[in-house]
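Coordinates as given in query_7.pdb (PDB, N, CA and C atoms):
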ATOM      1  N   MET N  73      28.823 119.382  29.418
ATOM      2  CA  MET N  73      30.097 118.985  28.852
ATOM      3  C   MET N  73      30.928 118.330  29.954
ATOM      4  N   ARG N  74      31.545 117.208  29.614
ATOM      5  CA  ARG N  74      32.337 116.512  30.627
ATOM      6  C   ARG N  74      33.776 117.027  30.613
ATOM      7  N   PRO N  75      34.481 116.883  31.732
ATOM      8  CA  PRO N  75      35.876 117.347  31.792
ATOM      9  C   PRO N  75      36.755 116.599  30.797
ATOM     10  N   LEU N  76      37.870 117.213  30.446
ATOM     11  CA  LEU N  76      38.820 116.601  29.525
ATOM     12  C   LEU N  76      39.408 115.325  30.128
ATOM     13  N   ALA N  77      39.724 114.374  29.267
ATOM     14  CA  ALA N  77      40.310 113.111  29.714
ATOM     15  C   ALA N  77      41.829 113.193  29.576
ATOM     16  N   ILE N  78      42.454 113.969  30.475
ATOM     17  CA  ILE N  78      43.908 114.078  30.492
ATOM     18  C   ILE N  78      44.394 113.817  31.910
ATOM     19  N   SER N  79      45.654 113.462  32.036
ATOM     20  CA  SER N  79      46.192 113.157  33.355
ATOM     21  C   SER N  79      46.302 114.440  34.185
ATOM     22  N   PRO N  80      46.294 114.306  35.509
ATOM     23  CA  PRO N  80      46.426 115.485  36.365
ATOM     24  C   PRO N  80      47.723 116.252  36.111
ATOM     25  N   GLU N  81      48.818 115.527  35.864
ATOM     26  CA  GLU N  81      50.095 116.192  35.608
ATOM     27  C   GLU N  81      50.037 117.023  34.330
ATOM     28  N   THR N  82      49.429 116.449  33.299
ATOM     29  CA  THR N  82      49.288 117.162  32.032
ATOM     30  C   THR N  82      48.406 118.390  32.213
ATOM     31  N   ALA N  83      47.335 118.253  32.959
ATOM     32  CA  ALA N  83      46.422 119.366  33.188
ATOM     33  C   ALA N  83      47.125 120.516  33.896
ATOM     34  N   VAL N  84      47.927 120.207  34.890
ATOM     35  CA  VAL N  84      48.646 121.249  35.631
ATOM     36  C   VAL N  84      49.645 121.957  34.712
ATOM     37  N   LYS N  85      50.389 121.181  33.921
ATOM     38  CA  LYS N  85      51.370 121.784  33.014
ATOM     39  C   LYS N  85      50.696 122.665  31.971
ATOM     40  N   LEU N  86      49.575 122.197  31.417
ATOM     41  CA  LEU N  86      48.855 122.994  30.421
ATOM     42  C   LEU N  86      48.290 124.270  31.030
ATOM     43  N   ALA N  87      47.737 124.176  32.226
ATOM     44  CA  ALA N  87      47.174 125.353  32.888
ATOM     45  C   ALA N  87      48.257 126.406  33.103
ATOM     46  N   GLU N  88      49.446 125.962  33.512
ATOM     47  CA  GLU N  88      50.550 126.899  33.719
ATOM     48  C   GLU N  88      51.007 127.503  32.390
ATOM     49  N   ALA N  89      51.149 126.674  31.376
ATOM     50  CA  ALA N  89      51.633 127.151  30.075
ATOM     51  C   ALA N  89      50.645 128.106  29.419
ATOM     52  N   LEU N  90      49.359 127.814  29.543
ATOM     53  CA  LEU N  90      48.333 128.648  28.920
ATOM     54  C   LEU N  90      47.889 129.798  29.815
ATOM     55  N   GLN N  91      48.373 129.811  31.052
ATOM     56  CA  GLN N  91      48.044 130.837  32.034
ATOM     57  C   GLN N  91      46.540 130.956  32.254
ATOM     58  N   VAL N  92      45.912 129.801  32.483
ATOM     59  CA  VAL N  92      44.490 129.769  32.828
ATOM     60  C   VAL N  92      44.330 128.942  34.103
ATOM     61  N   PRO N  93      43.298 129.211  34.890
ATOM     62  CA  PRO N  93      43.062 128.410  36.080
ATOM     63  C   PRO N  93      42.785 126.947  35.700
ATOM     64  N   LEU N  94      43.204 126.040  36.555
ATOM     65  CA  LEU N  94      43.054 124.613  36.291
ATOM     66  C   LEU N  94      41.591 124.237  36.077
ATOM     67  N   GLU N  95      40.684 124.800  36.859
ATOM     68  CA  GLU N  95      39.263 124.487  36.731
ATOM     69  C   GLU N  95      38.734 124.911  35.363
ATOM     70  N   ARG N  96      39.180 126.063  34.905
ATOM     71  CA  ARG N  96      38.741 126.551  33.593
ATOM     72  C   ARG N  96      39.284 125.659  32.480
ATOM     73  N   LEU N  97      40.528 125.228  32.634
ATOM     74  CA  LEU N  97      41.137 124.350  31.637
ATOM     75  C   LEU N  97      40.373 123.036  31.521
ATOM     76  N   MET N  98      40.003 122.456  32.632
ATOM     77  CA  MET N  98      39.351 121.145  32.630
ATOM     78  C   MET N  98      37.968 121.186  31.980
ATOM     79  N   HIS N  99      37.339 122.334  31.966
ATOM     80  CA  HIS N  99      36.003 122.441  31.373
ATOM     81  C   HIS N  99      36.007 123.211  30.054
ATOM     82  N   MET N 100      37.211 123.451  29.526
ATOM     83  CA  MET N 100      37.347 124.147  28.254
ATOM     84  C   MET N 100      36.965 123.189  27.119
ATOM     85  N   PRO N 101      36.196 123.652  26.145
ATOM     86  CA  PRO N 101      35.888 122.793  24.999
ATOM     87  C   PRO N 101      37.173 122.328  24.317
ATOM     88  N   GLN N 102      37.171 121.090  23.863
ATOM     89  CA  GLN N 102      38.388 120.500  23.318
ATOM     90  C   GLN N 102      38.926 121.269  22.116
ATOM     91  N   HIS N 103      38.052 121.769  21.239
ATOM     92  CA  HIS N 103      38.545 122.484  20.061
ATOM     93  C   HIS N 103      39.236 123.793  20.435
ATOM     94  N   ILE N 104      38.784 124.441  21.494
ATOM     95  CA  ILE N 104      39.428 125.673  21.944
ATOM     96  C   ILE N 104      40.772 125.349  22.577
ATOM     97  N   LEU N 105      40.818 124.287  23.364
ATOM     98  CA  LEU N 105      42.082 123.864  23.969
ATOM     99  C   LEU N 105      43.114 123.529  22.892
ATOM    100  N   MET N 106      42.693 122.819  21.865
ATOM    101  CA  MET N 106      43.613 122.459  20.786
ATOM    102  C   MET N 106      44.128 123.715  20.075
ATOM    103  N   GLN N 107      43.266 124.687  19.870
ATOM    104  CA  GLN N 107      43.667 125.942  19.234
ATOM    105  C   GLN N 107      44.710 126.664  20.083
ATOM    106  N   LYS N 108      44.482 126.721  21.391
ATOM    107  CA  LYS N 108      45.423 127.396  22.287
ATOM    108  C   LYS N 108      46.756 126.655  22.334
ATOM    109  N   MET N 109      46.715 125.324  22.300
ATOM    110  CA  MET N 109      47.947 124.544  22.297
ATOM    111  C   MET N 109      48.732 124.778  21.006
ATOM    112  N   MET N 110      48.045 124.900  19.892
ATOM    113  CA  MET N 110      48.714 125.178  18.619
ATOM    114  C   MET N 110      49.369 126.557  18.644
ATOM    115  N   GLU N 111      48.696 127.538  19.220
ATOM    116  CA  GLU N 111      49.267 128.878  19.339
ATOM    117  C   GLU N 111      50.514 128.849  20.214
ATOM    118  N   LEU N 112      50.460 128.106  21.320
ATOM    119  CA  LEU N 112      51.592 127.983  22.225
ATOM    120  C   LEU N 112      52.773 127.315  21.519
ATOM    121  N   ALA N 113      52.508 126.261  20.767
ATOM    122  CA  ALA N 113      53.566 125.567  20.034
ATOM    123  C   ALA N 113      54.192 126.485  18.990
ATOM    124  N   LYS N 114      53.371 127.289  18.335
ATOM    125  CA  LYS N 114      53.877 128.221  17.323
ATOM    126  C   LYS N 114      54.797 129.262  17.966
ATOM    127  N   GLU N 115      54.399 129.775  19.140
ATOM    128  CA  GLU N 115      55.224 130.758  19.844
ATOM    129  C   GLU N 115      56.565 130.148  20.241
ATOM    130  N   GLU N 116      56.551 128.908  20.734
ATOM    131  CA  GLU N 116      57.784 128.247  21.138
ATOM    132  C   GLU N 116      58.685 128.008  19.932
ATOM    133  N   ALA N 117      58.106 127.648  18.800
ATOM    134  CA  ALA N 117      58.890 127.424  17.586
ATOM    135  C   ALA N 117      59.544 128.727  17.122
ATOM    136  N   GLU N 118      58.814 129.823  17.225
ATOM    137  CA  GLU N 118      59.366 131.118  16.839
ATOM    138  C   GLU N 118      60.499 131.528  17.768
ATOM    139  N   LYS N 119      60.383 131.221  19.060
ATOM    140  CA  LYS N 119      61.457 131.527  20.006
ATOM    141  C   LYS N 119      62.714 130.735  19.663
ATOM    142  N   LYS N 120      62.547 129.460  19.310
ATOM    143  CA  LYS N 120      63.693 128.628  18.953
ATOM    144  C   LYS N 120      64.373 129.142  17.694
ATOM    145  N   GLU N 121      63.576 129.547  16.709
ATOM    146  CA  GLU N 121      64.145 130.053  15.451
ATOM    147  C   GLU N 121      64.927 131.336  15.678
ATOM    148  N   SER N 122      64.400 132.226  16.498
ATOM    149  CA  SER N 122      65.075 133.498  16.732
ATOM    150  C   SER N 122      66.306 133.323  17.634
ATOM    151  N   GLY N 123      66.328 132.267  18.435
ATOM    152  CA  GLY N 123      67.447 132.021  19.326
ATOM    153  C   GLY N 123      68.619 131.348  18.647
ATOM    154  N   GLU N 124      68.410 130.738  17.503
ATOM    155  CA  GLU N 124      69.486 130.028  16.810
ATOM    156  C   GLU N 124      70.256 130.924  15.888
TER     157      GLU N 124
END
Using the file provided, produce a representation of the structure as structure tokens.
Amino acid sequence: MRPLAISPETAVKLAEALQVPLERLMHMPQHILMQKMMELAKEEAEKKESGE
């Protein structure tokens, strides 16, 4: 499997947000990464709703 085609800045931000090592993020299957990003977005949306 080849590494994800994302910019280095995006990779660093995603690794921090998902709390995974950068190397693991770069070799993560795309469908799993998308699932984790959706979960992260859902959590952020819930925080915004509860804060308003």
Axis-aligned box for all listed atoms of segment 106-111 of chain N, 4 Å per side, centre and edges in Å to one decimal, as JSON:
{"center_x": 46.6, "center_y": 125.7, "center_z": 20.5, "size_x": 15.8, "size_y": 14.4, "size_z": 11.7}
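The coordinates place atom C of Leu86 of chain N at 15.7 Å from atom C of Glu116 of chain N.
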* Using DSSP on the backbone coordinates, identify the residues of chain N assigned to helix (DSSP H, G or I); present them as a PyMOL selection string. => chain N and resi 80-90+94-98+102-123
* Find the spatial neighbours of segment 100-105 of chain N, counting only C-alpha atoms, within a cut-off of 12 Å - ignore same-chain residues fewer than 3 positions away - and output them as a VMD selection string. => chain N and resid 73 to 78 83 86 to 87 89 to 90 92 to 97 108 to 112
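Rounded to one decimal, atom CA of Thr82 of chain N and atom CA of Met98 of chain N lie 10.7 Å from each other.
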